[in-house]
Amino acid sequence: MSAIALRSDINGLRGLAVLSVVGFHAFPEVFPGGFLGVDVFFVISGFLITSIILTQLSSGTFSFVEFFSNRIKRIFPALLLVLVSCFLTGSFLLTREEFKELNREALGGAMFVANFVFASDVGYFDASADTKPLLHLWSLGVEEQFYLLWPVMVVFFIKVRKSILLGTAVICTISFAMNLHTSLSDPSLAFYLPHTRIWELLIGAVLAEVLLKNESIRHTARHHRGSFSELDVYSVFGFALILTSIFLVPRDLVQSGARAIAPTLGAALIIAGGAQSWLNRKLLGGDALVQVGLISYCLYLWHWPLLYFLRLIWGAEVPLGYRIAVVMVSVFVAGATYALLERPLRRAGNTTPKVVVLIAAMAALVCTSLMGYKTDSIPLQLANISSARIEGDIGHIPFFKYMDKHFFPCTPTDIYENATDYDGYSRCKQSRSDSLPSIALLGDSHAEHIFIGLAEAMPDVNLVYYTNTGAPYFGRHAHQRALEHIIGTKNLTTVIVAAYWANQADPIQLKQLLNALSTAGKKIYLLDDVPDFSFQPSECKFSRWIGSSLRCEDSVRRFESQSTTYLPILESSAKAVPGLRFLTVGRSFCDETECRMTRNNQILYRDPNHLNVLGSQFLGQMIVERAPELKQHASP
């Protein structure tokens, strides 16, 4: 390894990054921008991996087999331990549906595609982050995908005698541009997908290439110990950028395309400052942060599942003291994992047997997770830990089975054939097959989950729904064909627009959509959104043998906090379109103090923000009672 890759201040920067992430997850009110620590990690990873590859290539010692063997020895041991521990804990604490979801997330994590798994949920069944025990593995997926491709690309640049620095800079710029572009239309996808995040790792790669080539910079870094140089300015400014990001960046910017500029630039400046700059040497190179940096990978893996199971057991908002205790436990367990498992397996010795055993163990875990997710035989479910307290289905399969049994494929045929599906169930339906649809329900899954209730409340009306990922704006390929069909079809006289508006309510795009529908002569109904609960319906439906997870309500303040981010945009957009009717439906689940996911001892939700069949029937009937004229759209 190069001397660059062994700098203690970089370990200290790792420590700062992981502490900011842990702080955000445990104390978001104190560290609102702590999630940006992941972006710092990306820069560090790109810098270290590139410096190692280039140093070994220049000395003729680089080997793909050795490179990937070292990655396996570094990454697999702690990950395997955490996943197995989650399985064992979940087998006692989780319901059957929750355990199946744990298997799904573990499968993505073990195959290093967790970012794609969570990206596939975006816009449809994207539950609250607190309800996903392995959500944090998305970033590990991005890093591993980079590790898989980047050495090949570096060797390719060398083989064709092209400038590595120029090639890296070009790819970095393209990725950043794609991130900004995707953030405008699908910010959640921009958050998860590798091609929109790789620019952060490539910033580190560019920095490694510059420092390895520019000996004068490295010489300056070595010989200004004790005096303040321009490289100290880099470190101080970089540190200020990171701290500002951690403490001042609002949480709702988590999916903004430009929110990573400050922490990534800050990390790059700190690294460029060199090991001997005052701040790097005294603070980041100090024992405390260096020790945290050494266990940063293990701490990152452990802290989130421990917080998840704490929230699951506690049920309501976890008191500060318990969160502090879990963070301390996370640090202790991470330190033990590093000392007893990770470090011994990475030491010199016969590498091949270690790597073979680790690959075999990960393959076994993949097979077990796949079996647990895809079949009803869940080998690790050790205890029957729950009993149903109230009626109603949770999970998505019962909803789509009901839809498939009672309704018909949508028209026209080309939209139906290109519609998305869930586990084989097509997601484009209409309520009648003996007439042309007269009302279209347009949006994402939060339009779809109203369909059953509306269709059954208007049996003489042929209602069709066209939904896809994200809000149904022009320029989004997923919605374009449906928009063209609605606008150009005379028998579709009425359009109901609904969506998961949080982080999607764009005043310009929404007004463009509504104006286009109005110009086409459509009668428009715009709906707000239902409450997005902070827990899974299983915590309400089932009584567990441990903990106090008998929770069916959130504070109405939570819903008001959610709706204030989009309600003013919906209201102003509705006022700008003559004849449009704006219906607020979210408050139907709330009283003056609480929002509940139950009614008459029946659960109305199938996940934290999607209605089940009973919930759809409840809301559909309420919409028709408030807008009875909808029933007059019976098709001939």
# chains A, B, ... in the order shown; residues from 1 in each chain; ligands from 1
call {"tool": "residues_around", "arguments": {"residues": "A:Gly37", "least_positions_apart": "3", "cutoff": "9 Å", "atoms": "only C-alpha atoms", "output": "PDB file with C-alpha atoms, in the first residue's frame"}}
result
ATOM      1  CA  ARG A  14     -13.428   8.213   8.588  1.00  0.00           C
ATOM      2  CA  LEU A  16     -15.752  11.924  11.822  1.00  0.00           C
ATOM      3  CA  ALA A  17     -17.858  10.635   8.929  1.00  0.00           C
ATOM      4  CA  VAL A  18     -19.222   7.607  10.779  1.00  0.00           C
ATOM      5  CA  LEU A  19     -19.964   9.635  13.906  1.00  0.00           C
ATOM      6  CA  SER A  20     -21.994  12.084  11.835  1.00  0.00           C
ATOM      7  CA  VAL A  21     -24.032   9.236  10.300  1.00  0.00           C
ATOM      8  CA  GLY A  33     -27.236  16.865   8.079  1.00  0.00           C
ATOM      9  CA  GLY A  34     -25.347  13.918   9.521  1.00  0.00           C
ATOM     10  CA  VAL A  40     -17.477  11.853   2.941  1.00  0.00           C
ATOM     11  CA  PHE A  41     -17.033   8.070   3.044  1.00  0.00           C
ATOM     12  CA  PHE A  42     -17.409   7.918  -0.736  1.00  0.00           C
ATOM     13  CA  ILE A 242     -18.202  19.309   6.597  1.00  0.00           C
ATOM     14  CA  SER A 245     -23.163  20.301   6.373  1.00  0.00           C
ATOM     15  CA  ILE A 246     -23.609  18.108   9.458  1.00  0.00           C
ATOM     16  CA  PRO A 263     -19.204  17.561   2.221  1.00  0.00           C
TER      17      PRO A 263
END
call {"tool": "residues_around", "arguments": {"residues": "A:Gln509", "least_positions_apart": "5", "cutoff": "12 Å", "atoms": "only C-alpha atoms", "output": "list in words"}}
result
Leu184, Ser185, Ala471, Pro472, Tyr473, Phe474, Gly475, Arg476, Gln504, Leu514, Asn515, Ala516, Ile569, Leu570 and Ser573 of chain A
call {"tool": "write_last_selection", "arguments": {"atoms": "C-alpha atoms", "output": "mmCIF file, in the first residue's frame"}}
result
data_model
loop_
_atom_site.group_PDB
_atom_site.id
_atom_site.type_symbol
_atom_site.label_atom_id
_atom_site.label_comp_id
_atom_site.auth_asym_id
_atom_site.auth_seq_id
_atom_site.Cartn_x
_atom_site.Cartn_y
_atom_site.Cartn_z
ATOM 1 C CA LEU A 184 -35.096 16.983 -10.829
ATOM 2 C CA SER A 185 -37.334 14.148 -12.011
ATOM 3 C CA ALA A 471 -45.678 12.226 -9.721
ATOM 4 C CA PRO A 472 -47.336 12.247 -13.193
ATOM 5 C CA TYR A 473 -45.526 15.219 -14.672
ATOM 6 C CA PHE A 474 -44.788 15.886 -18.322
ATOM 7 C CA GLY A 475 -41.238 14.929 -19.246
ATOM 8 C CA ARG A 476 -41.298 11.780 -17.155
ATOM 9 C CA GLN A 504 -42.538 15.607 -5.336
ATOM 10 C CA LEU A 514 -53.210 20.710 -14.490
ATOM 11 C CA ASN A 515 -53.321 23.415 -17.162
ATOM 12 C CA ALA A 516 -52.798 20.830 -19.903
ATOM 13 C CA ILE A 569 -48.178 23.961 -3.450
ATOM 14 C CA LEU A 570 -51.289 21.879 -4.108
ATOM 15 C CA SER A 573 -51.852 25.125 -8.086
#
call {"tool": "residues_around", "arguments": {"residues": "stretch 302-312 of chain A", "least_positions_apart": "3", "cutoff": "7 Å", "atoms": "only C-alpha atoms", "output": "MDAnalysis selection string"}}
result
chainID A and resid 22 82 130 133:134 136 298:299 315 318 326:327 330 334 549
call {"tool": "select_by_dssp", "arguments": {"residues": "stretch 210-436 of chain A", "states": "strand (DSSP E)", "output": "VMD selection string"}}
result
chain A and resid 386 to 388 408 to 409 421 to 422 425 to 426 429 to 430
call {"tool": "write_last_selection", "arguments": {"atoms": "N, CA and C atoms", "output": "compact mmCIF listing (two decimals), in the first residue's frame"}}
result
# COMPACT_ATOMS: atom_id res chain seq x y z
N SER A 386 -46.14 -13.61 17.50
CA SER A 386 -47.18 -12.60 17.41
C SER A 386 -48.54 -13.23 17.21
N SER A 387 -49.55 -12.50 17.62
CA SER A 387 -50.93 -12.89 17.38
C SER A 387 -51.71 -11.66 16.96
N ALA A 388 -52.63 -11.84 16.00
CA ALA A 388 -53.37 -10.71 15.45
C ALA A 388 -54.36 -10.17 16.48
N PHE A 408 -60.56 -5.49 -14.17
CA PHE A 408 -60.23 -5.92 -15.52
C PHE A 408 -58.99 -5.19 -16.04
N PRO A 409 -58.29 -5.79 -17.02
CA PRO A 409 -57.14 -5.11 -17.62
C PRO A 409 -57.54 -3.76 -18.19
N ASP A 421 -45.67 -4.25 -12.86
CA ASP A 421 -46.37 -5.31 -12.15
C ASP A 421 -45.76 -5.48 -10.78
N TYR A 422 -46.50 -6.15 -9.91
CA TYR A 422 -45.97 -6.50 -8.60
C TYR A 422 -46.14 -8.00 -8.42
N TYR A 425 -48.56 -9.49 -10.75
CA TYR A 425 -49.88 -8.87 -10.86
C TYR A 425 -49.75 -7.54 -11.62
N SER A 426 -50.45 -7.45 -12.74
CA SER A 426 -50.38 -6.22 -13.53
C SER A 426 -51.00 -5.05 -12.78
N LYS A 429 -55.59 -1.29 -14.20
CA LYS A 429 -56.91 -1.92 -14.19
C LYS A 429 -58.00 -0.89 -14.47
N GLN A 430 -59.16 -1.42 -14.89
CA GLN A 430 -60.36 -0.61 -14.97
C GLN A 430 -61.50 -1.38 -14.33
call {"tool": "atom_distance", "arguments": {"atom1": "atom CA of A:Leu283", "atom2": "atom CA of A:Ile10"}}
result
11.0 Å
call {"tool": "closest_residue", "arguments": {"among": "A:Gln512, A:Thr494, A:Ser235, A:Ser188", "to": "A:Trp278", "atoms": "only C-alpha atoms"}}
result
A:Ser235
call {"tool": "select_by_dssp", "arguments": {"residues": "stretch 546-636 of chain A", "states": "helix (DSSP H, G or I)", "output": "ChimeraX atom specification"}}
result
/A:556-563,567-575,586-589,613-626,628-632
call {"tool": "write_last_selection", "arguments": {"atoms": "N, CA and C atoms", "output": "compact mmCIF listing (two decimals), in the first residue's frame"}}
result
# COMPACT_ATOMS: atom_id res chain seq x y z
N VAL A 556 -50.89 14.02 15.38
CA VAL A 556 -51.37 14.79 14.24
C VAL A 556 -50.34 15.82 13.81
N ARG A 557 -49.46 16.19 14.75
CA ARG A 557 -48.40 17.14 14.41
C ARG A 557 -47.45 16.57 13.36
N ARG A 558 -47.26 15.24 13.40
CA ARG A 558 -46.39 14.60 12.40
C ARG A 558 -47.02 14.75 11.01
N PHE A 559 -48.31 14.49 10.91
CA PHE A 559 -48.98 14.62 9.62
C PHE A 559 -48.98 16.07 9.15
N GLU A 560 -49.21 16.99 10.05
CA GLU A 560 -49.18 18.41 9.67
C GLU A 560 -47.80 18.82 9.20
N SER A 561 -46.76 18.27 9.84
CA SER A 561 -45.40 18.55 9.41
C SER A 561 -45.14 18.01 8.01
N GLN A 562 -45.67 16.80 7.73
CA GLN A 562 -45.54 16.23 6.39
C GLN A 562 -46.27 17.09 5.36
N SER A 563 -47.51 17.42 5.67
CA SER A 563 -48.37 18.07 4.66
C SER A 563 -47.97 19.52 4.40
N LEU A 567 -48.78 20.83 0.88
CA LEU A 567 -50.15 21.34 0.83
C LEU A 567 -50.24 22.75 0.24
N PRO A 568 -49.38 23.69 0.61
CA PRO A 568 -49.46 25.02 -0.01
C PRO A 568 -49.26 24.98 -1.52
N ILE A 569 -48.40 24.08 -2.00
CA ILE A 569 -48.18 23.96 -3.45
C ILE A 569 -49.43 23.42 -4.13
N LEU A 570 -50.06 22.43 -3.53
CA LEU A 570 -51.29 21.88 -4.11
C LEU A 570 -52.40 22.93 -4.12
N GLU A 571 -52.53 23.66 -3.03
CA GLU A 571 -53.59 24.66 -2.93
C GLU A 571 -53.40 25.78 -3.95
N SER A 572 -52.17 26.29 -4.07
CA SER A 572 -51.93 27.38 -5.02
C SER A 572 -52.10 26.90 -6.46
N SER A 573 -51.70 25.67 -6.74
CA SER A 573 -51.85 25.12 -8.09
C SER A 573 -53.33 24.93 -8.42
N ALA A 574 -54.11 24.49 -7.44
CA ALA A 574 -55.54 24.28 -7.66
C ALA A 574 -56.25 25.60 -7.94
N LYS A 575 -55.88 26.65 -7.21
CA LYS A 575 -56.52 27.96 -7.41
C LYS A 575 -56.22 28.54 -8.77
N GLY A 586 -56.47 13.58 3.54
CA GLY A 586 -55.56 13.08 4.58
C GLY A 586 -56.12 13.21 5.98
N ARG A 587 -56.85 14.31 6.24
CA ARG A 587 -57.39 14.52 7.58
C ARG A 587 -58.48 13.53 7.94
N SER A 588 -58.94 12.75 6.95
CA SER A 588 -59.98 11.75 7.23
C SER A 588 -59.49 10.69 8.21
N PHE A 589 -58.17 10.57 8.36
CA PHE A 589 -57.60 9.56 9.25
C PHE A 589 -57.20 10.16 10.60
N VAL A 613 -57.11 -2.98 1.28
CA VAL A 613 -58.43 -3.01 0.65
C VAL A 613 -59.45 -2.26 1.52
N LEU A 614 -59.44 -2.51 2.83
CA LEU A 614 -60.38 -1.85 3.73
C LEU A 614 -60.14 -0.33 3.74
N GLY A 615 -58.87 0.07 3.74
CA GLY A 615 -58.56 1.50 3.73
C GLY A 615 -59.00 2.16 2.44
N SER A 616 -58.81 1.46 1.32
CA SER A 616 -59.25 1.99 0.03
C SER A 616 -60.77 2.14 0.00
N GLN A 617 -61.47 1.15 0.53
CA GLN A 617 -62.94 1.22 0.56
C GLN A 617 -63.42 2.37 1.43
N PHE A 618 -62.76 2.55 2.56
CA PHE A 618 -63.12 3.66 3.45
C PHE A 618 -62.92 5.00 2.76
N LEU A 619 -61.75 5.20 2.16
CA LEU A 619 -61.44 6.49 1.57
C LEU A 619 -62.24 6.72 0.28
N GLY A 620 -62.41 5.67 -0.53
CA GLY A 620 -63.18 5.81 -1.75
C GLY A 620 -64.61 6.24 -1.47
N GLN A 621 -65.24 5.62 -0.47
CA GLN A 621 -66.61 6.00 -0.12
C GLN A 621 -66.68 7.44 0.37
N MET A 622 -65.67 7.86 1.13
CA MET A 622 -65.65 9.23 1.64
C MET A 622 -65.49 10.24 0.51
N ILE A 623 -64.66 9.93 -0.48
CA ILE A 623 -64.47 10.84 -1.61
C ILE A 623 -65.77 11.00 -2.38
N VAL A 624 -66.48 9.90 -2.61
CA VAL A 624 -67.73 9.96 -3.37
C VAL A 624 -68.81 10.70 -2.58
N GLU A 625 -68.81 10.55 -1.27
CA GLU A 625 -69.78 11.30 -0.46
C GLU A 625 -69.52 12.80 -0.54
N ARG A 626 -68.25 13.19 -0.65
CA ARG A 626 -67.92 14.62 -0.73
C ARG A 626 -68.04 15.15 -2.14
N PRO A 628 -70.33 13.80 -4.88
CA PRO A 628 -71.31 12.85 -5.44
C PRO A 628 -71.49 12.97 -6.94
N GLU A 629 -71.09 14.09 -7.51
CA GLU A 629 -71.23 14.26 -8.97
C GLU A 629 -70.36 13.27 -9.75
N LEU A 630 -69.35 12.69 -9.08
CA LEU A 630 -68.52 11.70 -9.76
C LEU A 630 -69.35 10.50 -10.22
N LYS A 631 -70.42 10.18 -9.48
CA LYS A 631 -71.24 9.02 -9.81
C LYS A 631 -72.09 9.24 -11.06
N GLN A 632 -72.12 10.48 -11.54
CA GLN A 632 -72.93 10.79 -12.72
C GLN A 632 -72.18 10.54 -14.02
